[in-house]
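*Asks:* Structure file query_15.pdb (PDB, C-alpha atoms) is given on the next line.
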```pdb
ATOM      1  CA  MET A  13     -69.859 -13.960  -4.293
ATOM      2  CA  THR A  14     -69.557 -17.550  -5.447
ATOM      3  CA  LEU A  15     -71.038 -19.263  -8.452
ATOM      4  CA  ASP A  16     -70.947 -23.039  -8.241
ATOM      5  CA  PHE A  17     -70.900 -24.845 -11.604
ATOM      6  CA  ALA A  18     -73.545 -27.438 -10.646
ATOM      7  CA  THR A  19     -75.752 -24.630  -9.317
ATOM      8  CA  LEU A  20     -75.365 -22.618 -12.524
ATOM      9  CA  LEU A  21     -76.252 -25.696 -14.574
ATOM     10  CA  ALA A  22     -79.332 -26.297 -12.419
ATOM     11  CA  ILE A  23     -80.437 -22.675 -12.810
ATOM     12  CA  LEU A  24     -79.992 -22.862 -16.589
ATOM     13  CA  ALA A  25     -81.997 -26.115 -16.744
ATOM     14  CA  MET A  26     -84.834 -24.454 -14.817
ATOM     15  CA  ALA A  27     -84.669 -21.391 -17.071
ATOM     16  CA  VAL A  28     -84.799 -23.437 -20.288
ATOM     17  CA  ALA A  29     -87.686 -25.583 -18.995
ATOM     18  CA  THR A  30     -89.634 -22.476 -17.983
ATOM     19  CA  MET A  31     -88.992 -20.675 -21.292
ATOM     20  CA  LEU A  32     -90.166 -23.759 -23.217
ATOM     21  CA  THR A  33     -93.491 -23.810 -21.372
ATOM     22  CA  ARG A  34     -93.930 -20.071 -21.924
ATOM     23  CA  VAL A  35     -93.412 -19.968 -25.695
ATOM     24  CA  SER A  36     -95.090 -23.297 -26.487
ATOM     25  CA  GLY A  37     -98.560 -21.720 -26.401
ATOM     26  CA  LEU A  38     -97.579 -19.659 -29.448
ATOM     27  CA  PHE A  39     -96.734 -22.846 -31.372
ATOM     28  CA  LEU A  40     -99.872 -24.530 -30.135
ATOM     29  CA  ILE A  41    -102.346 -21.931 -31.413
ATOM     30  CA  ARG A  42    -100.587 -21.789 -34.781
ATOM     31  CA  HIS A  43    -101.476 -25.434 -35.421
ATOM     32  CA  VAL A  44    -104.894 -25.634 -33.780
ATOM     33  CA  SER A  45    -107.812 -23.563 -35.058
ATOM     34  CA  LEU A  46    -109.726 -21.727 -32.386
ATOM     35  CA  GLU A  47    -113.384 -21.423 -33.233
ATOM     36  CA  GLY A  48    -116.635 -22.048 -31.409
ATOM     37  CA  SER A  49    -116.374 -24.425 -28.473
ATOM     38  CA  ARG A  50    -112.542 -24.467 -28.594
ATOM     39  CA  ARG A  51    -112.584 -20.708 -28.109
ATOM     40  CA  LYS A  52    -114.867 -21.201 -25.071
ATOM     41  CA  ALA A  53    -112.479 -23.787 -23.672
ATOM     42  CA  ILE A  54    -109.521 -21.425 -24.066
ATOM     43  CA  GLU A  55    -111.467 -18.745 -22.200
ATOM     44  CA  SER A  56    -111.887 -21.114 -19.266
ATOM     45  CA  ILE A  57    -108.113 -21.522 -18.863
ATOM     46  CA  PRO A  58    -107.456 -18.450 -16.684
ATOM     47  CA  PRO A  59    -109.928 -19.342 -13.892
ATOM     48  CA  ALA A  60    -109.033 -23.059 -14.115
ATOM     49  CA  VAL A  61    -105.315 -22.426 -13.627
ATOM     50  CA  LEU A  62    -105.772 -19.815 -10.889
ATOM     51  CA  MET A  63    -108.140 -22.080  -8.963
ATOM     52  CA  ALA A  64    -105.784 -25.074  -9.199
ATOM     53  CA  VAL A  65    -102.959 -23.010  -7.714
ATOM     54  CA  VAL A  66    -104.945 -21.652  -4.750
ATOM     55  CA  ALA A  67    -107.212 -24.641  -3.972
ATOM     56  CA  PRO A  68    -104.823 -26.440  -1.579
ATOM     57  CA  THR A  69    -104.292 -23.200   0.377
ATOM     58  CA  ALA A  70    -108.019 -22.503   0.426
ATOM     59  CA  PHE A  71    -109.306 -25.950   1.345
ATOM     60  CA  SER A  72    -106.644 -28.156   2.862
ATOM     61  CA  THR A  73    -104.084 -26.067   4.725
ATOM     62  CA  GLY A  74    -105.874 -24.921   7.867
ATOM     63  CA  ILE A  75    -108.917 -23.109   9.266
ATOM     64  CA  ALA A  76    -107.094 -19.756   9.295
ATOM     65  CA  GLU A  77    -106.257 -20.037   5.587
ATOM     66  CA  THR A  78    -109.748 -21.215   4.608
ATOM     67  CA  LEU A  79    -111.437 -18.361   6.497
ATOM     68  CA  ALA A  80    -108.991 -15.781   5.153
ATOM     69  CA  CYS A  81    -109.626 -17.018   1.601
ATOM     70  CA  ALA A  82    -113.357 -16.571   2.179
ATOM     71  CA  VAL A  83    -112.784 -13.033   3.501
ATOM     72  CA  THR A  84    -110.635 -12.191   0.460
ATOM     73  CA  ALA A  85    -113.142 -13.614  -2.023
ATOM     74  CA  PHE A  86    -116.044 -11.784  -0.355
ATOM     75  CA  ALA A  87    -114.100  -8.502  -0.288
ATOM     76  CA  ALA A  88    -113.118  -8.889  -3.963
ATOM     77  CA  PHE A  89    -116.755  -8.517  -5.060
ATOM     78  CA  ARG A  90    -116.908  -4.976  -3.650
ATOM     79  CA  LEU A  91    -113.454  -3.586  -2.914
ATOM     80  CA  PRO A  92    -110.337  -2.765  -4.974
ATOM     81  CA  MET A  93    -107.667  -5.445  -5.330
ATOM     82  CA  LEU A  94    -105.103  -3.987  -2.923
ATOM     83  CA  VAL A  95    -107.690  -3.544  -0.160
ATOM     84  CA  SER A  96    -108.986  -7.101  -0.585
ATOM     85  CA  VAL A  97    -105.453  -8.536  -0.481
ATOM     86  CA  ALA A  98    -104.601  -6.473   2.611
ATOM     87  CA  LEU A  99    -107.788  -7.674   4.332
ATOM     88  CA  GLY A 100    -106.883 -11.287   3.505
ATOM     89  CA  VAL A 101    -103.333 -10.937   4.827
ATOM     90  CA  ALA A 102    -104.535  -9.186   8.003
ATOM     91  CA  SER A 103    -107.179 -11.842   8.671
ATOM     92  CA  VAL A 104    -104.772 -14.738   8.202
ATOM     93  CA  ALA A 105    -102.269 -13.080  10.590
ATOM     94  CA  ILE A 106    -104.975 -12.495  13.227
ATOM     95  CA  LEU A 107    -106.473 -15.992  12.876
ATOM     96  CA  ARG A 108    -103.047 -17.637  13.127
ATOM     97  CA  SER A 109    -102.198 -15.606  16.229
ATOM     98  CA  LEU A 110    -105.428 -16.950  17.755
ATOM     99  CA  GLY A 111    -104.030 -20.428  17.190
ATOM    100  CA  LEU A 112    -106.336 -21.497  14.355
TER     101      LEU A 112
ATOM    102  CA  MET B   6     -97.393  12.521 -23.529
ATOM    103  CA  ASN B   7     -97.522  10.079 -26.462
ATOM    104  CA  GLY B   8     -99.674   6.974 -26.594
ATOM    105  CA  ASN B   9     -96.943   4.469 -25.761
ATOM    106  CA  ALA B  10     -95.904   6.309 -22.593
ATOM    107  CA  THR B  11     -99.523   6.492 -21.462
ATOM    108  CA  GLU B  12     -99.920   2.766 -22.097
ATOM    109  CA  PHE B  13     -96.663   1.957 -20.263
ATOM    110  CA  LEU B  14     -97.772   3.970 -17.225
ATOM    111  CA  GLY B  15    -101.156   2.263 -17.361
ATOM    112  CA  GLY B  16     -99.462  -1.124 -17.153
ATOM    113  CA  MET B  17     -97.325   0.064 -14.252
ATOM    114  CA  ARG B  18    -100.394   1.283 -12.402
ATOM    115  CA  ALA B  19    -102.162  -2.053 -12.926
ATOM    116  CA  ILE B  20     -99.236  -4.118 -11.602
ATOM    117  CA  ALA B  21     -98.593  -1.874  -8.543
ATOM    118  CA  PRO B  22    -100.651  -3.910  -6.039
ATOM    119  CA  LEU B  23     -98.984  -7.110  -7.242
ATOM    120  CA  ILE B  24     -95.568  -5.555  -6.708
ATOM    121  CA  ALA B  25     -96.556  -4.834  -3.119
ATOM    122  CA  ALA B  26     -97.502  -8.517  -2.851
ATOM    123  CA  VAL B  27     -94.428  -9.936  -4.584
ATOM    124  CA  ILE B  28     -91.731  -8.073  -2.622
ATOM    125  CA  PRO B  29     -92.323 -10.034   0.601
ATOM    126  CA  ILE B  30     -92.429 -13.264  -1.420
ATOM    127  CA  GLY B  31     -89.132 -12.354  -3.095
ATOM    128  CA  LEU B  32     -87.570 -11.582   0.288
ATOM    129  CA  VAL B  33     -88.730 -14.945   1.630
ATOM    130  CA  PHE B  34     -87.361 -16.717  -1.424
ATOM    131  CA  GLY B  35     -83.977 -15.027  -0.988
ATOM    132  CA  ALA B  36     -83.822 -15.862   2.709
ATOM    133  CA  LEU B  37     -84.813 -19.468   1.972
ATOM    134  CA  ALA B  38     -82.134 -19.770  -0.714
ATOM    135  CA  ALA B  39     -79.567 -18.485   1.803
ATOM    136  CA  THR B  40     -80.493 -21.345   4.163
ATOM    137  CA  LYS B  41     -79.766 -23.749   1.252
ATOM    138  CA  GLU B  42     -76.326 -22.133   0.981
ATOM    139  CA  LEU B  43     -76.916 -20.393  -2.327
ATOM    140  CA  SER B  44     -74.857 -17.210  -2.636
ATOM    141  CA  PRO B  45     -76.673 -13.897  -3.264
ATOM    142  CA  LEU B  46     -75.259 -13.996  -6.816
ATOM    143  CA  GLU B  47     -76.736 -17.462  -7.457
ATOM    144  CA  THR B  48     -80.049 -16.458  -5.916
ATOM    145  CA  GLY B  49     -80.283 -13.273  -7.998
ATOM    146  CA  LEU B  50     -79.313 -15.183 -11.123
ATOM    147  CA  MET B  51     -82.034 -17.760 -10.542
ATOM    148  CA  SER B  52     -84.708 -15.089 -10.055
ATOM    149  CA  ALA B  53     -83.498 -13.188 -13.133
ATOM    150  CA  LEU B  54     -83.267 -16.181 -15.486
ATOM    151  CA  VAL B  55     -86.113 -18.384 -14.279
ATOM    152  CA  PHE B  56     -88.526 -15.615 -13.156
ATOM    153  CA  ALA B  57     -91.151 -18.126 -11.988
ATOM    154  CA  GLY B  58     -91.734 -18.046  -8.240
ATOM    155  CA  GLY B  59     -93.578 -21.355  -7.879
ATOM    156  CA  SER B  60     -90.850 -23.426  -9.523
ATOM    157  CA  GLN B  61     -88.130 -21.544  -7.620
ATOM    158  CA  PHE B  62     -89.725 -22.414  -4.262
ATOM    159  CA  VAL B  63     -90.109 -26.034  -5.344
ATOM    160  CA  ALA B  64     -86.436 -26.078  -6.383
ATOM    161  CA  MET B  65     -85.456 -24.869  -2.902
ATOM    162  CA  ASP B  66     -87.622 -27.617  -1.446
ATOM    163  CA  ILE B  67     -85.734 -30.350  -3.318
ATOM    164  CA  TRP B  68     -82.307 -28.637  -3.458
ATOM    165  CA  THR B  69     -79.260 -30.913  -3.031
ATOM    166  CA  HIS B  70     -75.497 -30.453  -2.835
ATOM    167  CA  PRO B  71     -74.203 -30.523  -5.479
ATOM    168  CA  ALA B  72     -77.300 -29.274  -7.302
ATOM    169  CA  SER B  73     -79.058 -31.772  -9.581
ATOM    170  CA  TRP B  74     -79.885 -30.061 -12.860
ATOM    171  CA  THR B  75     -82.122 -32.939 -13.964
ATOM    172  CA  GLY B  76     -84.091 -32.882 -10.707
ATOM    173  CA  VAL B  77     -84.817 -29.148 -10.534
ATOM    174  CA  GLY B  78     -85.093 -28.877 -14.319
ATOM    175  CA  PHE B  79     -87.816 -31.512 -14.453
ATOM    176  CA  ALA B  80     -89.556 -30.018 -11.411
ATOM    177  CA  ALA B  81     -89.573 -26.607 -13.126
ATOM    178  CA  LEU B  82     -91.087 -28.160 -16.245
ATOM    179  CA  LEU B  83     -93.793 -29.797 -14.168
ATOM    180  CA  VAL B  84     -94.640 -26.747 -12.039
ATOM    181  CA  ASN B  85     -94.660 -24.471 -15.075
ATOM    182  CA  ILE B  86     -96.550 -26.748 -17.457
ATOM    183  CA  ARG B  87     -99.568 -24.503 -16.778
ATOM    184  CA  HIS B  88     -97.730 -21.813 -18.752
ATOM    185  CA  VAL B  89     -98.488 -23.791 -21.929
ATOM    186  CA  LEU B  90    -102.195 -23.183 -21.372
ATOM    187  CA  MET B  91    -101.605 -19.612 -20.187
ATOM    188  CA  SER B  92     -99.524 -18.627 -23.214
ATOM    189  CA  ALA B  93    -101.962 -20.337 -25.614
ATOM    190  CA  SER B  94    -104.780 -18.324 -24.062
ATOM    191  CA  LEU B  95    -102.916 -15.004 -24.111
ATOM    192  CA  ALA B  96    -101.561 -15.614 -27.632
ATOM    193  CA  THR B  97    -105.096 -15.220 -28.993
ATOM    194  CA  LYS B  98    -105.174 -11.666 -27.580
ATOM    195  CA  MET B  99    -101.880 -10.304 -28.935
ATOM    196  CA  GLN B 100    -103.014  -8.777 -32.245
ATOM    197  CA  SER B 101    -101.036  -5.568 -31.562
ATOM    198  CA  PHE B 102     -97.770  -7.508 -31.116
ATOM    199  CA  GLY B 103     -95.272  -8.188 -33.907
ATOM    200  CA  PRO B 104     -94.140 -11.812 -34.388
ATOM    201  CA  ARG B 105     -90.851 -11.283 -32.570
ATOM    202  CA  SER B 106     -92.267  -9.212 -29.718
ATOM    203  CA  ARG B 107     -94.794 -12.018 -29.070
ATOM    204  CA  TYR B 108     -91.965 -14.404 -28.239
ATOM    205  CA  LEU B 109     -90.110 -11.779 -26.241
ATOM    206  CA  ALA B 110     -93.243 -10.967 -24.229
ATOM    207  CA  MET B 111     -93.959 -14.657 -23.543
ATOM    208  CA  LEU B 112     -90.552 -15.102 -21.886
ATOM    209  CA  PHE B 113     -91.824 -12.875 -19.051
ATOM    210  CA  LEU B 114     -95.104 -14.727 -18.580
ATOM    211  CA  ALA B 115     -95.117 -14.987 -14.780
ATOM    212  CA  ASP B 116     -98.521 -15.745 -13.247
ATOM    213  CA  GLU B 117     -99.142 -12.166 -12.147
ATOM    214  CA  ILE B 118     -98.092 -10.669 -15.505
ATOM    215  CA  TRP B 119    -100.277 -13.134 -17.354
ATOM    216  CA  ALA B 120    -103.300 -12.583 -15.131
ATOM    217  CA  MET B 121    -103.164  -8.795 -15.477
ATOM    218  CA  ALA B 122    -102.630  -9.064 -19.256
ATOM    219  CA  GLU B 123    -105.654 -11.384 -19.592
ATOM    220  CA  PHE B 124    -107.692  -8.999 -17.522
ATOM    221  CA  ARG B 125    -106.601  -6.049 -19.675
ATOM    222  CA  ALA B 126    -107.434  -7.910 -22.893
ATOM    223  CA  GLY B 127    -110.958  -8.358 -21.554
ATOM    224  CA  VAL B 128    -111.598  -4.601 -21.256
ATOM    225  CA  ALA B 129    -109.271  -2.999 -23.857
ATOM    226  CA  ARG B 130    -106.734  -3.757 -26.565
ATOM    227  CA  LEU B 131    -103.577  -5.265 -25.072
ATOM    228  CA  THR B 132    -100.567  -3.340 -26.432
ATOM    229  CA  PRO B 133     -96.827  -4.121 -26.188
ATOM    230  CA  ALA B 134     -96.255  -0.858 -24.278
ATOM    231  CA  TRP B 135     -98.890  -1.737 -21.672
ATOM    232  CA  PHE B 136     -97.402  -5.226 -21.323
ATOM    233  CA  ALA B 137     -93.908  -3.746 -20.909
ATOM    234  CA  GLY B 138     -95.333  -1.496 -18.182
ATOM    235  CA  LEU B 139     -96.391  -4.666 -16.345
ATOM    236  CA  VAL B 140     -93.112  -6.496 -16.857
ATOM    237  CA  ALA B 141     -90.390  -3.900 -16.156
ATOM    238  CA  PRO B 142     -91.233  -2.950 -12.552
ATOM    239  CA  PHE B 143     -92.406  -6.447 -11.614
ATOM    240  CA  TYR B 144     -89.240  -8.105 -12.934
ATOM    241  CA  LEU B 145     -87.042  -5.590 -11.100
ATOM    242  CA  ALA B 146     -89.020  -6.048  -7.873
ATOM    243  CA  TRP B 147     -88.706  -9.855  -8.090
ATOM    244  CA  VAL B 148     -84.958  -9.894  -8.726
ATOM    245  CA  LEU B 149     -84.054  -7.118  -6.258
ATOM    246  CA  SER B 150     -86.228  -8.485  -3.441
ATOM    247  CA  ALA B 151     -84.621 -11.931  -3.865
ATOM    248  CA  LEU B 152     -81.174 -10.331  -3.709
ATOM    249  CA  ALA B 153     -82.158  -8.375  -0.602
ATOM    250  CA  GLY B 154     -83.601 -11.513   1.011
ATOM    251  CA  ALA B 155     -80.450 -13.485   0.242
ATOM    252  CA  THR B 156     -78.287 -10.757   1.750
ATOM    253  CA  LEU B 157     -80.395 -10.026   4.826
ATOM    254  CA  GLY B 158     -81.332 -13.675   5.334
ATOM    255  CA  ALA B 159     -82.066 -14.443   8.939
ATOM    256  CA  PHE B 160     -82.550 -10.782   9.912
ATOM    257  CA  LEU B 161     -86.044 -10.859   8.404
ATOM    258  CA  GLY B 162     -88.931 -11.726  10.695
ATOM    259  CA  ASP B 163     -90.997 -14.843  10.167
ATOM    260  CA  PRO B 164     -93.257 -14.035   7.195
ATOM    261  CA  VAL B 165     -95.757 -16.719   8.223
ATOM    262  CA  VAL B 166     -96.499 -14.946  11.528
ATOM    263  CA  LEU B 167     -97.034 -11.684   9.655
ATOM    264  CA  GLY B 168     -99.314 -13.425   7.152
ATOM    265  CA  LEU B 169     -97.218 -12.203   4.227
ATOM    266  CA  ASP B 170     -97.029 -15.668   2.685
ATOM    267  CA  PHE B 171    -100.787 -15.262   2.144
ATOM    268  CA  ALA B 172    -100.400 -12.257  -0.194
ATOM    269  CA  PHE B 173     -99.905 -14.482  -3.245
ATOM    270  CA  PRO B 174    -102.982 -16.725  -2.826
ATOM    271  CA  ALA B 175    -104.994 -13.619  -1.883
ATOM    272  CA  VAL B 176    -104.108 -11.926  -5.187
ATOM    273  CA  PHE B 177    -105.096 -15.079  -7.076
ATOM    274  CA  ILE B 178    -108.446 -15.247  -5.304
ATOM    275  CA  VAL B 179    -109.187 -11.631  -6.264
ATOM    276  CA  LEU B 180    -108.326 -12.463  -9.877
ATOM    277  CA  VAL B 181    -110.517 -15.595  -9.856
ATOM    278  CA  ILE B 182    -113.470 -13.458  -8.777
ATOM    279  CA  GLY B 183    -112.612 -11.070 -11.638
ATOM    280  CA  PHE B 184    -112.917 -13.892 -14.195
ATOM    281  CA  TRP B 185    -116.396 -14.877 -12.998
ATOM    282  CA  LYS B 186    -118.796 -15.011 -15.971
ATOM    283  CA  GLY B 187    -121.700 -17.040 -14.577
ATOM    284  CA  PRO B 188    -122.543 -20.700 -13.846
ATOM    285  CA  GLU B 189    -120.098 -22.060 -16.465
ATOM    286  CA  THR B 190    -117.260 -20.437 -14.537
ATOM    287  CA  GLY B 191    -118.645 -22.075 -11.401
ATOM    288  CA  ALA B 192    -118.386 -25.526 -13.023
ATOM    289  CA  VAL B 193    -114.801 -24.802 -14.121
ATOM    290  CA  LEU B 194    -113.804 -23.617 -10.636
ATOM    291  CA  LEU B 195    -115.468 -26.574  -8.924
ATOM    292  CA  ALA B 196    -113.783 -29.142 -11.188
ATOM    293  CA  SER B 197    -110.399 -27.452 -10.920
ATOM    294  CA  GLY B 198    -110.591 -27.008  -7.141
ATOM    295  CA  VAL B 199    -111.708 -30.576  -6.393
ATOM    296  CA  ALA B 200    -109.120 -32.116  -8.731
ATOM    297  CA  ALA B 201    -106.327 -29.968  -7.286
ATOM    298  CA  VAL B 202    -107.178 -30.765  -3.643
ATOM    299  CA  VAL B 203    -107.585 -34.506  -4.279
ATOM    300  CA  THR B 204    -104.397 -34.724  -6.354
ATOM    301  CA  GLN B 205    -102.401 -32.755  -3.818
ATOM    302  CA  HIS B 206    -103.619 -35.127  -1.109
ATOM    303  CA  PHE B 207    -102.615 -38.338  -2.890
ATOM    304  CA  VAL B 208     -99.782 -37.418  -5.243
ATOM    305  CA  PRO B 209     -96.550 -35.940  -3.890
ATOM    306  CA  GLY B 210     -95.039 -32.943  -5.651
ATOM    307  CA  VAL B 211     -96.791 -30.355  -7.748
ATOM    308  CA  TRP B 212     -98.944 -32.444 -10.113
ATOM    309  CA  TYR B 213    -101.993 -30.855  -8.486
ATOM    310  CA  ILE B 214    -101.623 -27.645 -10.520
ATOM    311  CA  ALA B 215    -101.656 -29.456 -13.856
ATOM    312  CA  ALA B 216    -104.435 -31.798 -12.676
ATOM    313  CA  GLY B 217    -106.656 -28.929 -11.532
ATOM    314  CA  ALA B 218    -106.075 -26.882 -14.678
ATOM    315  CA  LEU B 219    -106.893 -29.852 -16.928
ATOM    316  CA  ALA B 220    -110.010 -30.744 -14.928
ATOM    317  CA  GLY B 221    -111.251 -27.151 -15.241
ATOM    318  CA  LEU B 222    -110.589 -27.205 -18.976
ATOM    319  CA  MET B 223    -112.477 -30.524 -19.312
ATOM    320  CA  ALA B 224    -115.428 -29.083 -17.384
ATOM    321  CA  ALA B 225    -115.555 -26.148 -19.806
ATOM    322  CA  ILE B 226    -115.468 -28.465 -22.839
ATOM    323  CA  VAL B 227    -118.177 -30.750 -21.425
ATOM    324  CA  SER B 228    -120.514 -27.891 -20.474
ATOM    325  CA  GLY B 229    -119.854 -26.280 -23.868
ATOM    326  CA  HIS B 230    -120.899 -29.449 -25.690
ATOM    327  CA  ARG B 231    -123.998 -29.836 -23.575
ATOM    328  CA  ARG B 232    -125.104 -26.286 -24.371
ATOM    329  CA  MET B 233    -124.696 -26.954 -28.091
ATOM    330  CA  GLU B 234    -126.873 -30.072 -27.928
ATOM    331  CA  VAL B 235    -129.659 -28.164 -26.161
ATOM    332  CA  THR B 236    -129.553 -25.190 -28.548
ATOM    333  CA  PRO B 237    -128.288 -26.485 -31.890
TER     334      PRO B 237
END
```
Would you write the structure of this file as structure tokens?
*Replies:*
Amino acid sequence: MTLDFATLLAILAMAVATMLTRVSGLFLIRHVSLEGSRRKAIESIPPAVLMAVVAPTAFSTGIAETLACAVTAFAAFRLPMLVSVALGVASVAILRSLGL
Amino acid sequence: MNGNATEFLGGMRAIAPLIAAVIPIGLVFGALAATKELSPLETGLMSALVFAGGSQFVAMDIWTHPASWTGVGFAALLVNIRHVLMSASLATKMQSFGPRSRYLAMLFLADEIWAMAEFRAGVARLTPAWFAGLVAPFYLAWVLSALAGATLGAFLGDPVVLGLDFAFPAVFIVLVIGFWKGPETGAVLLASGVAAVVTQHFVPGVWYIAAGALAGLMAAIVSGHRRMEVTP
């Protein structure tokens, strides 16, 4: 079990940076009023962030990933979360084994 | 059973599928860290203190010997800048939280925790006990799976062949569908998706997440203004 000093410092820097981003929203809403259209904008944050994270996987990684994303999205309209995720994982494994 | 225990168990039940998804990711992270010559102690410490998968994978991508705290620190700030928007959004739904517990809760704002909490706030009152029910098992699963991955290392199979690397995007897609509220959501998703793909193509690193999130936010503001002009 080793703990390198430079590594510890790097981990602490990452932790501080991450904590800053996580609590800053609390400061932000204290100084900005949230009525009307601002409220609407805030409500759009969850889908906007989620989409930005998955878009490269969904559209510019490969055919297997794009198809599996479509399967997952389609399943999510009807099926519970765990089933949809399992279907997505299974389809990406099958499609990759086919060489897509 | 009292109300808090019921709420805690409710949170645990909600996060269960995401725990199933995060364990393979944690194992992969641990195994990857081992290839960068991080000890299991260092790997576990990183997962416990940073608790943000995206930035941890990016850090492994750019890891050097000796480690550069400015490099990975700045990368973590960039990858996690979306948390500013996420915490601002969730902060408006924390009426049952005391001032101190708000800050404490925000420290555990991983993507999955945040997404489930947002979802909960849409259908019921979000309570500290329910939030703790999300955090406790998920945090343990993330740290322990990274430790296991770091220890087992090369003994694990290739997660890409098994498709396990896809579990994380799959969960996000399911959540995106859950946030669908009509055509306005469509405009947000389109703007965010296009901006993210284009940015990822032309700009190295992880700017694409911030670019996509901002583009989606802009789309919401623009379509909101347009609606107000039509129906004053």
*Asks:* Pull the neighbourhood of (-67.1, -21.9, -6.0) for me: all residues within 12 Å in file coordinates, counting all atoms listed in the file, as a list in words.
*Replies:*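 Within 12 Å of (-67.1, -21.9, -6.0), the protein and nucleic acid residues are Met13, Thr14, Leu15, Asp16, Phe17, Ala18, Thr19 and Leu20 of chain A; Glu42, Leu43, Ser44, Leu46, Glu47 and Pro71 of chain B.
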*Asks:* Any idea what the distance is between CA of Ala29 in chain A and CA of Thr204 in chain B?
*Replies:* 22.9 Å
*Asks:* Between B:Met91, B:Gly103, B:Leu139, B:Val179, which residue has the minimum interatomic distance to Val83 in chain A, considering only C-alpha atoms?
*Replies:* B:Val179
*Asks:* Would you list the contacts of Phe173 in chain B as a PyMOL selection string, taking every protein, DNA or RNA residue within 10 Å and counting all atoms listed in the file, but skipping same-chain residues closer than 4 positions in sequence?
*Replies:* (chain A and resi 66+97+101) or (chain B and resi 23+26-27+29-30+117+169+177-178)
*Asks:* Fewer than 6 positions away in the same chain doesn't count, so skip those; otherwise give me all residues within 8 Å of Ala76 in chain A, counting all atoms listed in the file, as a PyMOL selection string.
*Replies:* chain A and resi 103-104+107-108+112
*Asks:* The PyMOL selection byres ((chain B and resi 158) around 10) on the file shown: which residues, as a PyMOL selection string?
*Replies:* chain B and resi 32-40+45+151-157+159-162
*Asks:* Go through B:Arg18, B:Lys41, B:Arg125, B:Arg87 and flag the residue nearest chain A, using only C-alpha atoms for the distances.
*Replies:* B:Arg87
*Asks:* A:Gly100, A:Pro92, A:Gly111, A:Pro59: which is nearest Ala196 in chain B, counting all atoms listed in the file?
*Replies:* A:Pro59
*Asks:* For the point (-112.8, -11.9, -14.7) in the file's frame, write as a list in words all residues with an atom no more than 9 Å away, counting only C-alpha atoms.
*Replies:* Pro58 and Pro59 of chain A; Glu123, Phe124, Gly127, Leu180, Val181, Ile182, Gly183, Phe184, Trp185 and Lys186 of chain B
*Asks:* Rounded to one decimal, what separation in Å do you get between CA of Ala80 in chain B and CA of Thr78 in chain A?
*Replies:*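 Answer for the CA of Ala80 in chain B to CA of Thr78 in chain A separation: 27.2 Å.
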*Asks:* Report, in Å to a single decimal, how far apart CA of Ser52 in chain B and CA of Gly31 in chain B are.
*Replies:* 8.7 Å
*Asks:* Translate the PyMOL selection byres ((chain A and resi 40) around 10), as applied to the file shown, into an explicit residue set as a PDB file with C-alpha atoms, in the frame of the given file.
*Replies:*
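Saved result, result.pdb, follows:
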```pdb
ATOM      1  CA  VAL A  35     -93.412 -19.968 -25.695  1.00  0.00           C
ATOM      2  CA  SER A  36     -95.090 -23.297 -26.487  1.00  0.00           C
ATOM      3  CA  GLY A  37     -98.560 -21.720 -26.401  1.00  0.00           C
ATOM      4  CA  LEU A  38     -97.579 -19.659 -29.448  1.00  0.00           C
ATOM      5  CA  PHE A  39     -96.734 -22.846 -31.372  1.00  0.00           C
ATOM      6  CA  ILE A  41    -102.346 -21.931 -31.413  1.00  0.00           C
ATOM      7  CA  ARG A  42    -100.587 -21.789 -34.781  1.00  0.00           C
ATOM      8  CA  HIS A  43    -101.476 -25.434 -35.421  1.00  0.00           C
ATOM      9  CA  VAL A  44    -104.894 -25.634 -33.780  1.00  0.00           C
ATOM     10  CA  SER A  45    -107.812 -23.563 -35.058  1.00  0.00           C
TER      11      SER A  45
ATOM     12  CA  VAL B  89     -98.488 -23.791 -21.929  1.00  0.00           C
ATOM     13  CA  LEU B  90    -102.195 -23.183 -21.372  1.00  0.00           C
ATOM     14  CA  SER B  92     -99.524 -18.627 -23.214  1.00  0.00           C
ATOM     15  CA  ALA B  93    -101.962 -20.337 -25.614  1.00  0.00           C
ATOM     16  CA  SER B  94    -104.780 -18.324 -24.062  1.00  0.00           C
ATOM     17  CA  ALA B  96    -101.561 -15.614 -27.632  1.00  0.00           C
TER      18      ALA B  96
END
```
*Asks:* The PyMOL selection byres ((chain B and resi 200) around 9) - which residues does that actually catch in the file I just gave you? List them as a list of chain:residue names.
*Replies:*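 Taken on the displayed file, the PyMOL selection byres ((chain B and resi 200) around 9) yields the residues A:Ala64, B:Leu195, B:Ala196, B:Ser197, B:Gly198, B:Val199, B:Ala201, B:Val202, B:Val203, B:Thr204, B:Gln205, B:Tyr213, B:Ile214, B:Ala216, B:Gly217, B:Ala218, B:Leu219, B:Ala220, B:Gly221.
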*Asks:* From the list B:Thr48, B:Gly59, B:Gly16, B:Phe171, which residue is nearest Thr73 in chain A when using all atoms listed in the file?
*Replies:* B:Phe171
*Asks:* Give me the residues near Ser49 in chain A as a count of residues only, where near means some atom within 9 Å (using only C-alpha atoms) and where sequence neighbours in that chain fewer than 6 positions away do not count.
*Replies:* 5
*Asks:* Between B:Met17, B:Met65, B:Ile28, B:Val77, which one has atoms that come closest to chain A, using only C-alpha atoms?
*Replies:*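 For chain A, the nearest of the given residues is B:Val77.
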*Asks:* Give the answer as one residue: which of B:Trp74, B:Thr97, B:Gly210, B:Ser150 has the shortest atom-to-atom distance to chain A, using only C-alpha atoms?
*Replies:* B:Trp74
